[in-house]
Amino acid sequence: MSSSARRPPRRREADRTLRASIRDLPGIGEKRQALLSALGIEAVGDLLAYPPTRYIDRTSFARIGGLRAGEIQTVAARVVKFELKPVRGKRLSIAHIEDSSGKMRCLWFNQPYLKRVFVPGASFVMSGPVRFDQHGPTMVHPEYEALEGDGEEVHQAGGASEGQDYLVHTGRIVPVYRTRPGLSQKQLRVIVKQAVEAYGGQIRDLLPGALRQSLGLADLREAVSNIHFPADLGLAKAARRRLAFDEMLVLQTLFALARKEKQHSGGTSHPTDDVVARFTSRLPFELTASQQAALGDIAADLASPYPMRRLLQGDVGCGKTVVASLAAASVCASGGQAALLCPTEILAEQHFETMKRFLGPLGFSVGLLTGGLEPGERKRADRAVAQGRIDMTVGTHALVGERVGFKRLRLVIVDEEQRFGVLQRTKLVRDVPEAHLLVVSATPIPRTLALTAYGDLDVTVIGQMPPGRGRHTTRLVQEEERDRTLKEVAAGINTGLQGFYVCPALEEGSSNLVDVGAAKAGIQRLLAPGRGIEILTGRTPREKRATILKGFLANRIGLVIATTVLEVGMDIPSATVLVVEQAERFGLSQLHQMRGRVARTDAASCSYFLMSDSASEKARARLKVLEATFDGFEVAEQDLLLRGPGDIVGTRQHGIPDLRFASLPEDLDLMLRARDEAFGCVLGLGASPEWEGWLEAVASLRDRARSIV
């Protein structure tokens with residue numbers, strides 16, 4: 001065998017850019033790579049952008065002689081001796097350490113390998129909770145880190161010096177990350193430290209210097225280093241602010257690019273006057289001024305040469321469906337097809353009936369397309385849509401499947417949009433860029449989130465409720481009032497009222513929650529014979545669901561036990577009573593959506609929000625917002641302040657980053673400035689050569705994500 005044949009294969013040259021695989025970092029094998037991948041970390045750049053959830057301040061060093069029991073403290077000391085002792089079937093590792101003020105013990109269970117670490121004479125930094133026993137001060141399972149030189153030097157310097165910036169877990173501001181079993185904080189910190197040191201120099205700050213200076217923002221390279229390993233918490237705060245601005249600027253630049261593309265896309269004009277007159281003449285009511293204004297916005301969009309991209313929002317029951325139906329009628333009257341995308345089959349089925357009622361008399365055909373259709377029925381529906389025999393198609397996620405092809409799709413309506421991600425809401429119009437898009441949300445969205453989550457859309461708000469709505473009462477019910485309240489509800493149902501009973505469980509038999517089966521058994525005994533009661537969940541078969549809804553509409557069923565499927569799609573005007581178990585488990589906006597389902601007519605209605613004994617005082621105080629107001633926008637603002645925005649952009653795992661560093665509404669000033677700068681630059685209001693690198697990088701992200709149309 002030749003010497004060349006025995007030569008091991010050459011290791012590929014490591015990628016030195018931020019797109020380098022994390023496998024290029026020392027100590028990252030397949031197992032650790034899989035753990036990091038589960039955290040969304042594939043490349044070195046992902047690792048650098050992975051934010052700490054909090055920090056631990058370990059910058060202050062204590063002397064052993066001055067340690068206090070019950071506190072987490074940090075000491076720098078020398079190892080005197082190390083011993084292993086059997087204790088109740090376990091092996092106890094004991095490191096005896098000392099400084100000039102005294103001695104202490106550090107204990108670990110079943111870690112005999114530490115004998116090779118804690119060599120007598122070596123110096124270490126130890127951080128952990130301190131307790132006192134017959135042996136004096138003791139730390140159990142402390143964080144430890146080898147210290148170069150003598151621990152006395154640290155005490156004389158008053159803490160870790162620049163020469164000890166190699167410390168990662170002790171003697172500094174220590175980052176704490178979200179991690180997974182099998183990947184410890186210590187391991188993740190070391191990996192991040194290696195990435196910062198090896199790749200931090202590759203970071204390019206593409207933000208124009210004048211903008212950075214005017215906002216007082218840190219250099220990007222410094223910000224990335226300081227978000228992970230700051231010398232003090234002030235630097236960590238400044239780093240977060242810089243990274244928060246960048247991620248909001250990325251988002252707003254994407255929205256601005258989408259707006260610019262719209263201006264260069266050819267839409268299909270749809271005059272609306274004739275069909276609107278025919279439509280409204282058949283309505284048993286007059287449109288409110290707010291509905292007419294919304295219709296005016298949409299009509300102007302449909303008549304323009306550019307495709308509409310509009311968000312229509314308003315409180316439950318304000319009449320958004322009528323306005324959306326008018327938009328569909330306008331498109332169908334011009335020979336186009338419209339599609340209505342719904343998050344649940346229940347909502348799709350009810351919208352299907354509504355659209356037939358609104359559009360059928362005008363001569364337009366309406367079809368239903370959901371995943372629950374029988375194969376033959378689904379095939380016939382697909383064919384009818386593809387051949388253009390269906391003018392208005394109502395459906396669920398099945399509408400965005402590969403098998404669905406429209407002959408002349410001109411309008412896409414997305415209802416209850418917060419249930420979809422950005423990719424889903426735009427998939428239908430991606431291949432038909434000239435199609436109009438109307439996004440409808442019955443969850444009032446605070447301005448902060450509207451500009452952030454829907455920055456690519458024009459916004460119309462229906463802020464006026466139709467006249468004649470009955471008074472709604474919201475009651476918070478403590479555990480001790482529960483039985484009396486349920487008897488009161490049952491008495492009302494027995495006299496002919498109808499209502500919903502909502503449980504947080506997803507199916508019968510769920511543990512730790514009041515599930516739908518238990519709820520039915522509990523209240524059925526209070527109902528009079530003949531007052532029907534049924535269970536309705538997202539898993540209820542289609543045929544049974546139709547039977548339940550038909551029986552409810554005919555008042556043969558007095559009470560429906562439901563899960564959060566009630567939140568969207570239950571349009572039963574005769575229902576005036578709502579009971580929600582363990583209401584503290586739901587968000588305010590979610591609860592407001594539920595009570596909107598029983599406040600749709602001129603009859604008085606009431607919502608009972610039952611709280612469990614385990615509900616915290618904070619949760620109880622939060623629910624009082626619902627007692628004070630029925631204004632959905634005010635509720636949404638309070639929900640944002642109390643619970644935060646969550647995944648407000650709806651893009652998680654869809655190629656666009658969620659907000660890791662920005663915090664809304666606290667960073668509203670940064671977001672508004674980011675929007676001004678992005679739109680000014682992209683639309684040519686303030687473009688300068690300094691922006692070219694930024695726009696190129698964001699456009700590349702947009703091309704990869706393909707999620708904003």
# chains A, B, ... in the order shown; residues from 1 in each chain; ligands from 1
call {"tool": "closest_atom_pairs", "arguments": {"of": "region 460-531 of chain A", "to": "region 314-320 of chain A", "cutoff": "8 Å", "atoms": "only C-alpha atoms", "output": "Markdown table"}}
result
| residue | atom | partner | partner_atom | distance |
| --- | --- | --- | --- | --- |
| A:Val461 | CA | A:Gly314 | CA | 5.6 |
| A:Ile462 | CA | A:Gly314 | CA | 4.9 |
| A:Gly463 | CA | A:Gly314 | CA | 6.0 |
| A:Gln464 | CA | A:Cys318 | CA | 6.4 |
| A:Met465 | CA | A:Cys318 | CA | 4.7 |
| A:Pro466 | CA | A:Cys318 | CA | 6.3 |
call {"tool": "residues_around", "arguments": {"residues": "Leu47 (chain A)", "least_positions_apart": "2", "cutoff": "12 Å", "atoms": "only C-alpha atoms", "output": "short mmCIF file (atom, residue, chain, number, x, y, z; two decimals) with C-alpha atoms, in the first residue's frame"}}
result
data_model
loop_
_atom_site.label_atom_id
_atom_site.label_comp_id
_atom_site.auth_asym_id
_atom_site.auth_seq_id
_atom_site.Cartn_x
_atom_site.Cartn_y
_atom_site.Cartn_z
CA LEU A 18 -21.60 33.88 8.89
CA ARG A 19 -23.34 31.33 6.66
CA ALA A 20 -20.85 28.69 7.82
CA SER A 21 -22.36 25.56 9.32
CA ILE A 22 -22.15 25.23 13.07
CA ARG A 23 -20.26 21.99 12.36
CA LEU A 25 -17.07 25.19 15.21
CA GLN A 33 -25.66 19.76 15.78
CA LEU A 36 -28.75 23.15 18.07
CA SER A 37 -30.85 22.61 14.96
CA LEU A 39 -33.32 25.46 18.57
CA GLY A 40 -33.35 26.91 15.06
CA ILE A 41 -29.56 27.21 14.91
CA GLU A 42 -28.10 25.91 11.65
CA ALA A 43 -25.40 28.42 10.75
CA VAL A 44 -22.94 30.49 12.74
CA GLY A 45 -25.02 33.57 12.00
CA ALA A 49 -28.37 36.04 16.64
CA TYR A 50 -29.61 33.63 19.33
CA PRO A 51 -30.63 35.89 22.23
CA PRO A 52 -30.08 35.25 25.93
CA TYR A 177 -30.22 30.84 27.03
CA LEU A 188 -24.06 26.44 24.86
CA ARG A 189 -22.16 29.37 26.38
CA VAL A 190 -18.85 27.91 25.26
CA ILE A 191 -20.18 27.37 21.73
CA VAL A 192 -21.49 30.95 21.54
CA LYS A 193 -18.20 32.31 22.93
CA GLN A 194 -16.25 30.44 20.27
CA ALA A 195 -18.53 31.79 17.54
CA VAL A 196 -18.24 35.39 18.78
CA TYR A 199 -16.64 34.99 13.48
CA GLY A 200 -17.43 38.33 15.11
CA VAL A 224 -23.51 41.17 18.92
CA SER A 225 -20.59 40.72 21.31
CA ILE A 227 -25.66 40.87 23.77
CA HIS A 228 -23.89 37.66 24.75
#
call {"tool": "select_by_dssp", "arguments": {"residues": "region 236-377 of chain A", "states": "helix (DSSP H, G or I)", "output": "ChimeraX atom specification"}}
result
/A:236-263,273-281,289-303,320-333,345-362,375-377
call {"tool": "residues_around", "arguments": {"residues": "Leu359 (chain A)", "least_positions_apart": "4", "cutoff": "10 Å", "atoms": "only C-alpha atoms", "output": "number ranges by chain"}}
result
A: 279, 325-326, 328-329, 332, 354-355, 363-366, 391-392
call {"tool": "closest_atom_pairs", "arguments": {"of": "region 201-255 of chain A", "to": "region 58-76 of chain A", "cutoff": "12 Å", "atoms": "only C-alpha atoms", "output": "CSV"}}
result
residue,atom,partner,partner_atom,distance
A:Phe229,CA,A:Thr59,CA,11.9
A:Pro230,CA,A:Thr59,CA,10.9
A:Ala231,CA,A:Thr59,CA,8.8
A:Asp232,CA,A:Thr59,CA,8.6
A:Leu233,CA,A:Thr59,CA,10.7
call {"tool": "residues_around", "arguments": {"residues": "Thr601 (chain A)", "least_positions_apart": "2", "cutoff": "6 Å", "atoms": "only C-alpha atoms", "output": "compact mmCIF listing (two decimals) with C-alpha atoms, in the first residue's frame"}}
result
# COMPACT_ATOMS: atom_id res chain seq x y z
CA ARG A 469 -77.55 45.82 19.83
CA ALA A 599 -74.07 39.72 21.65
CA ALA A 603 -81.59 40.92 23.08
call {"tool": "closest_residue", "arguments": {"among": "A:Val394, A:Ile548, A:Leu438, A:Ile28", "to": "Glu353 (chain A)", "atoms": "only C-alpha atoms"}}
result
A:Val394
call {"tool": "atom_distance", "arguments": {"atom1": "CA of Ala95 (chain A)", "atom2": "CA of Val130 (chain A)"}}
result
14.5 Å
call {"tool": "atom_distance", "arguments": {"atom1": "CA of Gly29 (chain A)", "atom2": "CA of Thr53 (chain A)"}}
result
25.3 Å
call {"tool": "closest_residue", "arguments": {"among": "A:Asn226, A:Leu211, A:Asp415, A:Lys85", "to": "Phe245 (chain A)", "atoms": "only C-alpha atoms"}}
result
A:Leu211
call {"tool": "residues_around", "arguments": {"residues": "Ile572 (chain A)", "least_positions_apart": "3", "cutoff": "9 Å", "atoms": "only C-alpha atoms", "output": "list in words"}}
result
Leu549, Phe552, Leu553, Ala575, Arg597, Val598 and Arg600 of chain A
call {"tool": "residues_around", "arguments": {"residues": "region 134-144 of chain A", "least_positions_apart": "4", "cutoff": "9 Å", "atoms": "only C-alpha atoms", "output": "compact mmCIF listing (two decimals) with N, CA and C atoms, in the first residue's frame"}}
result
# COMPACT_ATOMS: atom_id res chain seq x y z
N ILE A 64 -14.21 34.19 51.19
CA ILE A 64 -14.83 33.05 51.87
C ILE A 64 -15.24 33.42 53.29
N GLY A 65 -14.42 34.21 53.94
CA GLY A 65 -14.72 34.59 55.33
C GLY A 65 -15.93 35.49 55.44
N LEU A 67 -18.81 35.15 53.40
CA LEU A 67 -19.96 34.57 52.71
C LEU A 67 -21.21 34.60 53.58
N ARG A 68 -22.38 34.76 52.92
CA ARG A 68 -23.66 34.81 53.62
C ARG A 68 -24.52 33.62 53.19
N ALA A 69 -25.15 32.98 54.15
CA ALA A 69 -25.97 31.80 53.86
C ALA A 69 -27.19 32.18 53.03
N LYS A 103 -11.71 28.91 54.56
CA LYS A 103 -11.83 27.70 53.74
C LYS A 103 -13.31 27.37 53.52
N MET A 104 -13.59 26.61 52.45
CA MET A 104 -14.94 26.15 52.20
C MET A 104 -14.89 24.86 51.40
N ARG A 105 -16.06 24.19 51.33
CA ARG A 105 -16.16 22.96 50.55
C ARG A 105 -17.10 23.17 49.37
N CYS A 106 -16.80 22.49 48.26
CA CYS A 106 -17.69 22.46 47.10
C CYS A 106 -18.02 20.99 46.82
N LEU A 107 -19.33 20.68 46.70
CA LEU A 107 -19.77 19.28 46.61
C LEU A 107 -20.46 19.00 45.28
N TRP A 108 -20.16 17.79 44.73
CA TRP A 108 -20.86 17.30 43.53
C TRP A 108 -21.16 15.82 43.73
N PHE A 109 -22.31 15.37 43.29
CA PHE A 109 -22.66 13.96 43.39
C PHE A 109 -22.39 13.26 42.06
N PHE A 124 -9.55 28.48 41.03
CA PHE A 124 -10.83 28.42 40.34
C PHE A 124 -11.74 29.55 40.81
N VAL A 125 -12.69 29.89 39.95
CA VAL A 125 -13.80 30.75 40.35
C VAL A 125 -15.01 29.84 40.55
N MET A 126 -15.67 29.97 41.68
CA MET A 126 -16.85 29.17 42.01
C MET A 126 -18.05 30.10 42.20
N SER A 127 -19.19 29.73 41.60
CA SER A 127 -20.41 30.52 41.78
C SER A 127 -21.56 29.58 42.11
N GLY A 128 -22.29 29.90 43.16
CA GLY A 128 -23.42 29.07 43.53
C GLY A 128 -24.03 29.50 44.84
N PRO A 129 -25.15 28.87 45.23
CA PRO A 129 -25.78 29.19 46.52
C PRO A 129 -24.93 28.67 47.68
N VAL A 130 -24.86 29.47 48.71
CA VAL A 130 -24.02 29.14 49.87
C VAL A 130 -24.90 28.66 51.02
N HIS A 169 -18.37 31.41 32.45
CA HIS A 169 -19.49 31.03 33.31
C HIS A 169 -19.46 31.72 34.67
N THR A 170 -18.37 32.36 35.00
CA THR A 170 -18.21 32.96 36.33
C THR A 170 -17.45 34.27 36.18
N LYS A 186 -23.78 25.54 30.13
CA LYS A 186 -22.33 25.67 30.06
C LYS A 186 -21.83 25.35 28.65
call {"tool": "closest_atom_pairs", "arguments": {"of": "region 437-486 of chain A", "to": "region 628-644 of chain A", "cutoff": "12 Å", "atoms": "only C-alpha atoms", "output": "tab-separated table"}}
result
residue	atom	partner	partner_atom	distance
A:Ser441	CA	A:Gly632	CA	11.8
A:Ala442	CA	A:Gly632	CA	9.1
A:Thr443	CA	A:Gly632	CA	7.4
A:Pro444	CA	A:Phe633	CA	5.1
A:Ile445	CA	A:Ala636	CA	6.3
A:Pro446	CA	A:Glu637	CA	5.7
A:Arg447	CA	A:Glu637	CA	8.8
A:Thr448	CA	A:Glu637	CA	9.1
A:Leu449	CA	A:Leu640	CA	8.9
A:Ala450	CA	A:Ala636	CA	11.5
A:Val461	CA	A:Phe633	CA	10.6
A:Ile462	CA	A:Phe633	CA	11.2
A:Gly463	CA	A:Phe633	CA	9.2
A:Gln464	CA	A:Asp631	CA	10.7
A:Met465	CA	A:Asp631	CA	10.4
A:Arg471	CA	A:Phe630	CA	10.1
A:His472	CA	A:Phe630	CA	8.1
A:Thr473	CA	A:Phe630	CA	9.0
A:Thr474	CA	A:Ala628	CA	8.5
A:Arg475	CA	A:Ala628	CA	10.1
A:Leu476	CA	A:Ala628	CA	11.1
call {"tool": "write_last_selection", "arguments": {"atoms": "C-alpha atoms", "output": "mmCIF file, in the first residue's frame"}}
result
data_model
loop_
_atom_site.group_PDB
_atom_site.id
_atom_site.type_symbol
_atom_site.label_atom_id
_atom_site.label_comp_id
_atom_site.auth_asym_id
_atom_site.auth_seq_id
_atom_site.Cartn_x
_atom_site.Cartn_y
_atom_site.Cartn_z
ATOM 1 C CA SER A 441 -59.669 40.265 11.174
ATOM 2 C CA ALA A 442 -62.351 40.292 13.847
ATOM 3 C CA THR A 443 -59.642 40.626 16.498
ATOM 4 C CA PRO A 444 -59.053 44.368 16.815
ATOM 5 C CA ILE A 445 -55.349 44.960 16.344
ATOM 6 C CA PRO A 446 -53.580 47.799 18.184
ATOM 7 C CA ARG A 447 -51.837 50.270 15.900
ATOM 8 C CA THR A 448 -48.478 49.017 17.159
ATOM 9 C CA LEU A 449 -49.127 45.535 15.876
ATOM 10 C CA ALA A 450 -50.991 46.594 12.750
ATOM 11 C CA VAL A 461 -61.179 49.947 10.302
ATOM 12 C CA ILE A 462 -64.926 49.522 10.763
ATOM 13 C CA GLY A 463 -65.257 51.348 14.041
ATOM 14 C CA GLN A 464 -69.046 51.569 14.258
ATOM 15 C CA MET A 465 -71.432 48.869 15.426
ATOM 16 C CA ARG A 471 -76.879 45.362 26.481
ATOM 17 C CA HIS A 472 -74.151 42.851 27.325
ATOM 18 C CA THR A 473 -73.090 42.047 30.888
ATOM 19 C CA THR A 474 -69.774 40.390 31.797
ATOM 20 C CA ARG A 475 -69.448 38.702 35.185
ATOM 21 C CA LEU A 476 -66.322 37.264 36.783
#
call {"tool": "atom_distance", "arguments": {"atom1": "CA of Gln337 (chain A)", "atom2": "CA of Glu434 (chain A)"}}
result
12.5 Å
call {"tool": "residues_around", "arguments": {"residues": "Ile557 (chain A)", "least_positions_apart": "6", "cutoff": "6 Å", "atoms": "only C-alpha atoms", "output": "PyMOL selection string"}}
result
chain A and resi 532-533+551
call {"tool": "closest_residue", "arguments": {"among": "A:Met308, A:Leu497, A:Ala198, A:Ala338", "to": "Ala258 (chain A)", "atoms": "only C-alpha atoms"}}
result
A:Met308
call {"tool": "closest_residue", "arguments": {"among": "A:Glu83, A:Lys260, A:Ser589, A:Trp694", "to": "Arg204 (chain A)", "atoms": "only C-alpha atoms"}}
result
A:Trp694
call {"tool": "closest_residue", "arguments": {"among": "A:Leu235, A:Lys487, A:Val323, A:Tyr113", "to": "Ser290 (chain A)", "atoms": "only C-alpha atoms"}}
result
A:Val323
